>>> print(open('coords11.cif').read())   # mmCIF, C-alpha atoms and all ligand atoms
data_work
loop_
_atom_site.label_atom_id
_atom_site.label_comp_id
_atom_site.auth_asym_id
_atom_site.auth_seq_id
_atom_site.Cartn_x
_atom_site.Cartn_y
_atom_site.Cartn_z
CA MET A 90 10.80 -8.63 -48.46
CA LYS A 91 9.73 -7.79 -44.94
CA ASN A 92 11.74 -5.58 -42.62
CA GLU A 93 10.80 -3.94 -39.35
CA MET A 94 12.08 -1.55 -36.71
CA PHE A 95 11.02 -0.21 -33.36
CA ILE A 96 12.18 2.86 -31.42
CA GLU A 97 11.26 4.33 -28.10
CA PHE A 98 12.26 7.82 -26.99
CA SER A 99 11.50 10.56 -24.46
CA SER A 100 8.68 13.03 -24.98
CA VAL A 101 10.88 16.05 -25.60
CA SER A 102 10.60 18.31 -28.64
CA GLU A 103 14.27 17.73 -29.59
CA ASN A 104 13.16 14.22 -30.59
CA GLU A 105 10.71 15.43 -33.24
CA SER A 106 13.49 15.79 -35.80
CA PHE A 107 15.21 12.63 -34.51
CA ALA A 108 12.02 10.63 -35.08
CA ARG A 109 11.27 11.86 -38.60
CA VAL A 110 14.87 11.54 -39.78
CA THR A 111 15.14 8.02 -38.33
CA VAL A 112 11.95 6.78 -39.96
CA ALA A 113 12.97 8.41 -43.26
CA ALA A 114 16.34 6.67 -43.12
CA PHE A 115 14.64 3.32 -42.55
CA VAL A 116 12.12 3.84 -45.34
CA ALA A 117 14.87 4.98 -47.75
CA GLN A 118 15.70 1.35 -48.57
CA LEU A 119 12.41 1.14 -50.50
CA ASP A 120 13.71 3.87 -52.81
CA PRO A 121 10.82 6.30 -52.29
CA THR A 122 10.46 9.51 -54.31
CA MET A 123 11.50 12.79 -52.67
CA ASP A 124 7.82 13.70 -52.31
CA GLU A 125 7.04 10.42 -50.59
CA LEU A 126 9.94 10.88 -48.21
CA THR A 127 8.76 14.40 -47.35
CA GLU A 128 5.27 13.04 -46.72
CA ILE A 129 6.57 10.33 -44.39
CA LYS A 130 8.72 12.84 -42.48
CA THR A 131 5.77 15.19 -42.15
CA VAL A 132 3.34 12.60 -40.76
CA VAL A 133 5.93 11.38 -38.24
CA SER A 134 6.50 14.95 -37.15
CA GLU A 135 2.75 15.53 -36.78
CA ALA A 136 2.03 12.41 -34.73
CA VAL A 137 5.11 12.77 -32.49
CA THR A 138 4.36 16.46 -31.88
CA ASN A 139 0.78 15.56 -30.97
CA ALA A 140 2.01 12.96 -28.49
CA ILE A 141 4.33 15.53 -26.87
CA ILE A 142 2.05 18.56 -26.66
CA HIS A 143 -1.38 16.95 -26.34
CA GLY A 144 -0.79 13.42 -25.05
CA TYR A 145 1.80 14.41 -22.48
CA ASN A 146 1.06 18.14 -22.07
CA ASN A 147 4.72 18.95 -22.75
CA GLU A 148 5.95 16.87 -19.81
CA PRO A 149 9.39 15.53 -20.74
CA ASN A 150 9.59 12.30 -18.74
CA HIS A 151 7.26 10.08 -20.79
CA LYS A 152 7.84 7.67 -23.65
CA ILE A 153 6.78 7.60 -27.27
CA GLU A 154 7.01 4.47 -29.42
CA ILE A 155 7.33 4.13 -33.15
CA SER A 156 7.20 0.88 -35.04
CA CYS A 157 7.60 0.65 -38.77
CA VAL A 158 7.13 -2.40 -40.96
CA LEU A 159 8.11 -2.47 -44.63
CA ASN A 160 6.42 -5.17 -46.65
CA ASP A 161 6.68 -5.29 -50.46
CA GLY A 162 6.75 -1.54 -50.86
CA GLU A 163 4.09 -0.87 -48.25
CA ILE A 164 4.88 1.16 -45.17
CA ASP A 165 3.02 0.30 -41.99
CA LEU A 166 3.72 2.96 -39.38
CA VAL A 167 2.49 3.04 -35.78
CA ILE A 168 3.10 5.96 -33.42
CA LYS A 169 1.99 5.46 -29.86
CA ASP A 170 1.81 7.39 -26.60
CA PHE A 171 0.47 6.55 -23.15
CA GLY A 172 -0.88 10.00 -22.39
CA ILE A 173 -4.24 11.64 -21.75
CA GLY A 174 -5.95 10.21 -24.82
CA ILE A 175 -8.73 11.71 -26.95
CA GLU A 176 -12.33 11.91 -25.80
CA ASP A 177 -13.86 12.28 -29.28
CA VAL A 178 -11.62 11.07 -32.10
CA ASN A 179 -14.03 12.11 -34.86
CA GLU A 180 -14.07 15.67 -33.60
CA ALA A 181 -10.27 15.68 -33.20
CA ARG A 182 -9.82 14.61 -36.83
CA GLN A 183 -11.90 17.50 -38.21
CA PRO A 184 -9.81 20.02 -40.19
CA LEU A 185 -8.95 23.10 -38.09
CA TYR A 186 -10.10 21.48 -34.83
CA THR A 187 -7.62 22.11 -32.04
CA SER A 188 -7.97 21.90 -28.28
CA LYS A 189 -5.00 24.24 -27.89
CA PRO A 190 -5.60 27.42 -29.97
CA ASP A 191 -3.68 29.38 -27.31
CA LEU A 192 -0.50 27.51 -28.30
CA GLU A 193 -0.87 28.71 -31.91
CA ARG A 194 -1.86 25.30 -33.19
CA SER A 195 -3.65 25.33 -36.53
CA GLY A 196 -5.63 22.12 -36.06
CA MET A 197 -4.25 20.69 -39.28
CA GLY A 198 -2.15 17.76 -38.01
CA PHE A 199 -4.63 14.93 -38.58
CA THR A 200 -5.78 16.45 -41.87
CA ILE A 201 -2.20 16.51 -43.15
CA ILE A 202 -1.68 12.90 -42.01
CA GLU A 203 -4.87 11.81 -43.81
CA ASN A 204 -3.77 13.60 -46.98
CA PHE A 205 -0.29 12.10 -47.02
CA MET A 206 -1.10 8.48 -46.11
CA ASP A 207 -3.36 5.89 -47.76
CA SER A 208 -5.07 4.91 -44.53
CA VAL A 209 -5.10 6.35 -41.01
CA GLU A 210 -6.60 4.77 -37.93
CA VAL A 211 -6.63 6.60 -34.60
CA ILE A 212 -7.19 4.42 -31.56
CA SER A 213 -7.47 6.41 -28.36
CA LYS A 214 -8.80 6.07 -24.87
CA PRO A 215 -8.88 8.80 -22.23
CA GLU A 216 -6.18 8.27 -19.58
CA VAL A 217 -4.75 5.30 -21.51
CA GLY A 218 -3.20 6.86 -24.58
CA THR A 219 -3.31 7.27 -28.32
CA THR A 220 -2.13 5.09 -31.19
CA VAL A 221 -1.97 6.39 -34.74
CA HIS A 222 -1.76 3.58 -37.28
CA MET A 223 -0.92 4.64 -40.83
CA LYS A 224 -0.27 2.85 -44.11
CA LYS A 225 1.16 3.95 -47.39
CA GLN A 226 2.01 2.07 -50.57
CA LEU A 227 4.98 3.54 -52.39
CA THR A 228 4.42 4.21 -56.09
CA ASN A 229 7.64 2.79 -57.49
CA SER A 230 7.17 -0.58 -55.85
CA LYS A 231 3.53 -1.37 -56.52
CA THR A 232 3.32 -5.00 -57.46
CA VAL A 233 1.97 -5.45 -60.96
CA TYR A 234 -0.46 -8.32 -61.37
CA ASN A 235 -1.37 -9.69 -64.76
CA MET B 280 19.72 20.70 -38.83
CA GLY B 281 17.61 23.32 -37.04
CA LEU B 282 16.22 26.62 -38.19
CA ASN B 283 17.95 29.92 -38.92
CA TYR B 284 16.26 33.25 -39.42
CA THR B 285 17.20 36.77 -40.39
CA PHE B 286 15.02 39.86 -40.25
CA SER B 287 15.36 43.05 -42.18
CA VAL B 288 13.19 46.16 -42.41
CA LYS B 289 12.49 48.17 -45.56
CA GLU B 290 10.26 51.18 -44.92
CA ASP B 291 7.15 49.72 -43.27
CA VAL B 292 7.84 46.13 -44.34
CA LEU B 293 9.43 43.43 -42.20
CA ILE B 294 11.20 40.79 -44.28
CA VAL B 295 11.54 37.42 -42.55
CA ARG B 296 13.93 34.95 -44.18
CA LEU B 297 13.83 31.40 -42.86
CA ALA B 298 16.33 28.62 -43.55
CA GLY B 299 16.14 25.01 -42.37
CA GLU B 300 13.39 23.02 -40.69
CA ILE B 301 10.27 24.43 -39.03
CA ASP B 302 8.72 22.05 -36.51
CA HIS B 303 7.21 22.41 -33.03
CA HIS B 304 10.67 22.43 -31.43
CA GLU B 305 11.84 25.35 -33.56
CA SER B 306 8.54 27.18 -33.83
CA GLU B 307 8.31 28.50 -30.27
CA ASN B 308 11.56 30.43 -30.46
CA LEU B 309 10.76 31.63 -33.96
CA ARG B 310 7.42 32.96 -32.74
CA ASP B 311 9.02 34.89 -29.86
CA VAL B 312 11.79 36.49 -31.93
CA TRP B 313 9.47 37.29 -34.82
CA LYS B 314 6.90 38.93 -32.52
CA GLU B 315 9.56 40.94 -30.75
CA THR B 316 11.09 42.17 -34.01
CA MET B 317 7.72 43.08 -35.43
CA TYR B 318 6.83 45.33 -32.50
CA ALA B 319 10.34 46.75 -31.97
CA ASN B 320 10.26 48.16 -35.52
CA SER B 321 7.21 50.08 -36.55
CA VAL B 322 6.30 47.91 -39.49
CA LYS B 323 2.93 47.29 -41.03
CA HIS B 324 3.48 44.49 -43.54
CA VAL B 325 5.39 41.22 -43.43
CA ILE B 326 7.10 39.36 -46.26
CA LEU B 327 7.94 35.78 -45.40
CA ASN B 328 10.68 34.38 -47.62
CA MET B 329 10.69 30.57 -47.43
CA GLU B 330 13.22 29.90 -50.17
CA SER B 331 15.59 27.94 -47.91
CA VAL B 332 13.03 26.06 -45.82
CA SER B 333 13.67 22.34 -46.29
CA PHE B 334 10.95 21.01 -44.00
CA MET B 335 7.77 22.33 -42.43
CA ASP B 336 4.83 20.78 -40.60
CA SER B 337 1.63 22.14 -39.04
CA SER B 338 3.67 23.97 -36.39
CA GLY B 339 4.86 26.29 -39.14
CA LEU B 340 1.29 26.88 -40.27
CA GLY B 341 0.45 27.84 -36.69
CA VAL B 342 3.23 30.41 -36.49
CA VAL B 343 2.28 31.95 -39.84
CA LEU B 344 -1.38 32.09 -38.81
CA GLY B 345 -0.45 33.68 -35.48
CA ARG B 346 1.64 36.42 -37.13
CA TYR B 347 -1.02 36.96 -39.79
CA LYS B 348 -3.49 37.87 -37.04
CA GLU B 349 -1.03 40.42 -35.64
CA VAL B 350 -0.32 41.93 -39.05
CA LEU B 351 -4.06 42.26 -39.54
CA GLN B 352 -4.24 44.22 -36.27
CA LEU B 353 -1.55 46.54 -37.62
CA GLY B 354 -3.66 47.11 -40.70
CA GLY B 355 -1.08 45.45 -42.92
CA GLU B 356 -0.68 42.50 -45.21
CA MET B 357 1.24 39.25 -45.07
CA VAL B 358 2.95 38.06 -48.24
CA VAL B 359 4.71 34.70 -48.58
CA CYS B 360 7.28 34.12 -51.30
CA SER B 361 9.61 31.48 -52.76
CA VAL B 362 7.60 28.54 -51.42
CA SER B 363 8.60 24.97 -52.34
CA PRO B 364 5.94 22.65 -53.81
CA SER B 365 5.66 20.57 -50.64
CA ILE B 366 5.14 23.60 -48.39
CA LYS B 367 2.73 25.03 -50.93
CA ARG B 368 0.65 21.89 -50.50
CA LEU B 369 0.41 22.47 -46.73
CA PHE B 370 -0.67 26.08 -47.26
CA GLU B 371 -3.28 24.97 -49.77
CA MET B 372 -4.57 22.19 -47.53
CA SER B 373 -5.08 24.60 -44.64
CA GLY B 374 -6.65 27.36 -46.72
CA LEU B 375 -3.90 29.79 -45.70
CA PHE B 376 -3.63 31.21 -49.23
CA LYS B 377 -7.10 32.66 -48.73
CA ILE B 378 -5.62 35.11 -46.23
CA VAL B 379 -1.92 35.42 -47.04
CA ARG B 380 -0.81 36.39 -50.53
CA LEU B 381 1.67 34.24 -52.45
CA GLU B 382 4.28 35.85 -54.71
CA GLU B 383 7.14 34.46 -56.79
CA SER B 384 10.02 36.40 -55.27
CA GLU B 385 10.94 38.73 -52.46
CA GLU B 386 11.69 41.62 -54.87
CA TYR B 387 8.31 41.32 -56.51
CA ALA B 388 6.56 41.02 -53.12
CA LEU B 389 8.29 44.25 -52.01
CA GLU B 390 7.20 45.98 -55.17
CA THR B 391 3.57 45.01 -54.61
CA LEU B 392 3.78 46.59 -51.15
CA GLY B 393 5.02 49.83 -52.69
CA VAL B 394 8.65 49.52 -51.65
CA ALA B 395 11.30 50.18 -54.29
CA SER B 396 14.16 47.70 -54.01
N1 LIG C 401 -1.59 12.01 -29.07
C1 LIG C 401 -2.64 12.75 -28.68
N2 LIG C 401 -3.05 12.73 -27.39
C2 LIG C 401 -4.11 13.47 -26.98
N3 LIG C 401 -4.83 14.28 -27.79
C3 LIG C 401 -4.46 14.34 -29.09
C4 LIG C 401 -3.36 13.59 -29.60
N4 LIG C 401 -3.24 13.86 -30.92
C5 LIG C 401 -4.20 14.73 -31.21
N5 LIG C 401 -4.96 15.04 -30.12
C6 LIG C 401 -6.14 15.94 -30.09
O1 LIG C 401 -6.61 16.09 -31.40
C7 LIG C 401 -6.63 17.48 -31.78
C8 LIG C 401 -6.33 17.62 -33.24
O2 LIG C 401 -4.99 17.24 -33.55
P1 LIG C 401 -4.28 17.90 -34.80
O3 LIG C 401 -2.90 17.42 -34.88
O4 LIG C 401 -5.15 17.71 -35.99
O5 LIG C 401 -4.32 19.47 -34.46
P2 LIG C 401 -3.41 20.25 -33.39
O6 LIG C 401 -2.30 19.41 -32.92
O7 LIG C 401 -4.31 20.82 -32.36
O8 LIG C 401 -2.85 21.45 -34.28
P3 LIG C 401 -1.61 21.32 -35.33
O9 LIG C 401 -1.35 19.87 -35.54
O10 LIG C 401 -2.12 21.98 -36.57
O11 LIG C 401 -0.51 22.05 -34.75
C9 LIG C 401 -5.63 18.14 -30.85
O12 LIG C 401 -5.89 19.52 -30.67
C10 LIG C 401 -5.82 17.32 -29.57
O13 LIG C 401 -6.93 17.79 -28.84
MG MG C 402 -1.06 18.39 -34.22
#
>>> encode(input="coords11.cif", output="structure tokens")
Amino acid sequence: MKNEMFIEFSSVSENESFARVTVAAFVAQLDPTMDELTEIKTVVSEAVTNAIIHGYNNEPNHKIEISCVLNDGEIDLVIKDFGIGIEDVNEARQPLYTSKPDLERSGMGFTIIENFMDSVEVISKPEVGTTVHMKKQLTNSKTVYN
Amino acid sequence: MGLNYTFSVKEDVLIVRLAGEIDHHESENLRDVWKETMYANSVKHVILNMESVSFMDSSGLGVVLGRYKEVLQLGGEMVVCSVSPSIKRLFEMSGLFKIVRLEESEEYALETLGVAS
């Protein structure tokens, strides 16, 4: 079965928990394990936080979009901002790389996302914005072929 | 859901007990209060009890790393205890266990820092 949802919300930090709880509630219909649910919540939190603090420099009056498609136990998750973008995506994805060490960032966001999802694609253009496209197949619903 | 925290001091050890969710929204206030408490009391070591933390992302790692650097300046040690498996994974991923010590329980952590409970 295919099912999809789309949300758009303001770039304020209050919405970090709103976003992860909303996506988790949507994904819950696939009957994920607790670990899988935690992983989904964490990656949403990471990407939304990045959009707020990096993409929009903590300015509250911008928009963040999330779309989520469930298809036969696979989660297809896209988190998008229209902020400053990333000059060098490969550098940004390196573990411990952060452009904001002064804000006590650890530079682990992308590394955590890569660890928790099956595939991660970061599409970014300076002054246009950043899209993080992630996929994850849930274990309990893997189709068995014979 | 949010985040709650309590602080208590035993000899030269600050015990930080967190309950709830640590994300970017919660982490800034946590950082400020934690810093303030650390310098208002003349402590040297920090025990971070995470028993009741239900969610944490990289923002939490950042706060822990930031306080670790301050504890290091004070010549002390940072000990984390009662960590859930999912948070343990984040600590492992980021290499944080190379610099902060992990212990089973708060009592045992206190003992290792030479404080009788
Ligand atoms: N949406 C975005 N817009 C602009 N730049 C971004 C965005 N997301 C990530 N970046 C850049 O990529 C870097 C790495 O991101 P990552 O999430 O891995 O670490 P961080 O956010 O700096 O630290 P942490 O996530 O550990 O708090 C950021 O420091 C930032 O420079
Ligand atoms: Mg980040």
>>> residues_around(input="coords11.cif", residues="Val217 (chain A)", least_positions_apart="4", cutoff="7 Å", atoms="all atoms listed in the file", output="PyMOL selection string")
chain A and resi 171-174
>>> residues_near_ligand(input="coords11.cif", ligand="ligand LIG 401 (chain C)", cutoff="6 Å", atoms="only C-alpha atoms and all ligand atoms", output="list in words")
Asn139, Ala140, His143, Gly144, Ile173, Gly174, Ile175, Ala181, Arg182, Tyr186, Thr187, Ser188, Lys189, Arg194, Ser195, Gly196, Met197, Gly198, Phe199 and Thr219 of chain A; Ser337 and Ser338 of chain B
>>> atom_distance(input="coords11.cif", atom1="CA of Ser213 (chain A)", atom2="CA of Ile142 (chain A)")
15.5 Å
>>> residues_around(input="coords11.cif", residues="region 309-317 of chain B", least_positions_apart="3", cutoff="9 Å", atoms="only C-alpha atoms", output="VMD selection string")
chain B and resid 282 to 284 286 293 295 301 305 to 306 320 to 323 325 342 to 343 345 to 346 349 to 350
>>> interface_residues(input="coords11.cif", of="chain A", to="chain B", cutoff="12 Å", atoms="all atoms listed in the file", output="ChimeraX atom specification")
/A:100-110,123-142,147,183-187,189-205
>>> closest_residue(input="coords11.cif", among="A:Met90, A:Val221, A:Ser99, A:Met206", to="Glu148 (chain A)", atoms="only C-alpha atoms")
A:Ser99
>>> atom_distance(input="coords11.cif", atom1="CA of Met94 (chain A)", atom2="CA of Val158 (chain A)")
6.6 Å
>>> residues_around(input="coords11.cif", residues="Ile164 (chain A)", least_positions_apart="5", cutoff="7 Å", atoms="all atoms listed in the file", output="number ranges by chain")
A: 157-159, 224-226
>>> atom_distance(input="coords11.cif", atom1="CA of Leu297 (chain B)", atom2="CA of Val394 (chain B)")
20.8 Å
>>> residues_near_point(input="coords11.cif", point="(8.2, -5.2, -53.1)", cutoff="12 Å", atoms="all atoms listed in the file", output="JSON, numbers by chain")
{"A": [90, 91, 92, 118, 119, 120, 121, 159, 160, 161, 162, 163, 164, 226, 227, 228, 229, 230, 231, 232, 233]}
>>> write_last_selection(input="coords11.cif", atoms="C-alpha atoms", output="short mmCIF file (atom, residue, chain, number, x, y, z; two decimals), in the coordinates of the input")
data_model
loop_
_atom_site.label_atom_id
_atom_site.label_comp_id
_atom_site.auth_asym_id
_atom_site.auth_seq_id
_atom_site.Cartn_x
_atom_site.Cartn_y
_atom_site.Cartn_z
CA MET A 90 10.80 -8.63 -48.46
CA LYS A 91 9.73 -7.79 -44.94
CA ASN A 92 11.74 -5.58 -42.62
CA GLN A 118 15.70 1.35 -48.57
CA LEU A 119 12.41 1.14 -50.50
CA ASP A 120 13.71 3.87 -52.81
CA PRO A 121 10.82 6.30 -52.29
CA LEU A 159 8.11 -2.47 -44.63
CA ASN A 160 6.42 -5.17 -46.65
CA ASP A 161 6.68 -5.29 -50.46
CA GLY A 162 6.75 -1.54 -50.86
CA GLU A 163 4.09 -0.87 -48.25
CA ILE A 164 4.88 1.16 -45.17
CA GLN A 226 2.01 2.07 -50.57
CA LEU A 227 4.98 3.54 -52.39
CA THR A 228 4.42 4.21 -56.09
CA ASN A 229 7.64 2.79 -57.49
CA SER A 230 7.17 -0.58 -55.85
CA LYS A 231 3.53 -1.37 -56.52
CA THR A 232 3.32 -5.00 -57.46
CA VAL A 233 1.97 -5.45 -60.96
#
>>> decode(input="coords11.cif", residues="region 195-235 of chain A", atoms="C-alpha atoms", output="mmCIF file, in the first residue's frame")
data_model
loop_
_atom_site.group_PDB
_atom_site.id
_atom_site.type_symbol
_atom_site.label_atom_id
_atom_site.label_comp_id
_atom_site.auth_asym_id
_atom_site.auth_seq_id
_atom_site.Cartn_x
_atom_site.Cartn_y
_atom_site.Cartn_z
ATOM 1 C CA SER A 195 29.286 18.534 17.418
ATOM 2 C CA GLY A 196 29.263 18.095 13.646
ATOM 3 C CA MET A 197 27.547 14.730 13.958
ATOM 4 C CA GLY A 198 24.151 15.427 12.357
ATOM 5 C CA PHE A 199 24.806 14.030 8.882
ATOM 6 C CA THR A 200 26.795 11.113 10.303
ATOM 7 C CA ILE A 201 23.865 10.147 12.525
ATOM 8 C CA ILE A 202 21.460 10.437 9.575
ATOM 9 C CA GLU A 203 23.713 8.208 7.441
ATOM 10 C CA ASN A 204 23.921 5.635 10.235
ATOM 11 C CA PHE A 205 20.184 5.488 10.832
ATOM 12 C CA MET A 206 18.919 5.467 7.234
ATOM 13 C CA ASP A 207 19.588 3.093 4.324
ATOM 14 C CA SER A 208 20.320 5.869 1.861
ATOM 15 C CA VAL A 209 20.875 9.612 2.182
ATOM 16 C CA GLU A 210 21.120 12.122 -0.620
ATOM 17 C CA VAL A 211 21.892 15.778 0.065
ATOM 18 C CA ILE A 212 21.032 18.169 -2.728
ATOM 19 C CA SER A 213 22.107 21.722 -2.007
ATOM 20 C CA LYS A 214 22.827 24.933 -3.818
ATOM 21 C CA PRO A 215 24.154 28.127 -2.244
ATOM 22 C CA GLU A 216 21.416 30.764 -1.899
ATOM 23 C CA VAL A 217 18.767 28.299 -3.120
ATOM 24 C CA GLY A 218 18.465 25.794 -0.303
ATOM 25 C CA THR A 219 19.013 22.265 0.858
ATOM 26 C CA THR A 220 17.059 19.052 0.372
ATOM 27 C CA VAL A 221 17.832 15.927 2.364
ATOM 28 C CA HIS A 222 16.340 12.815 0.778
ATOM 29 C CA MET A 223 16.416 9.686 2.927
ATOM 30 C CA LYS A 224 15.140 6.136 2.576
ATOM 31 C CA LYS A 225 14.708 3.318 5.011
ATOM 32 C CA GLN A 226 13.214 -0.146 4.668
ATOM 33 C CA LEU A 227 11.579 -1.357 7.856
ATOM 34 C CA THR A 228 12.642 -4.818 8.992
ATOM 35 C CA ASN A 229 9.247 -6.286 9.844
ATOM 36 C CA SER A 230 7.780 -5.524 6.451
ATOM 37 C CA LYS A 231 10.502 -6.616 4.063
ATOM 38 C CA THR A 232 8.842 -8.400 1.205
ATOM 39 C CA VAL A 233 9.976 -11.991 0.958
ATOM 40 C CA TYR A 234 10.563 -13.235 -2.560
ATOM 41 C CA ASN A 235 10.844 -16.917 -3.353
#
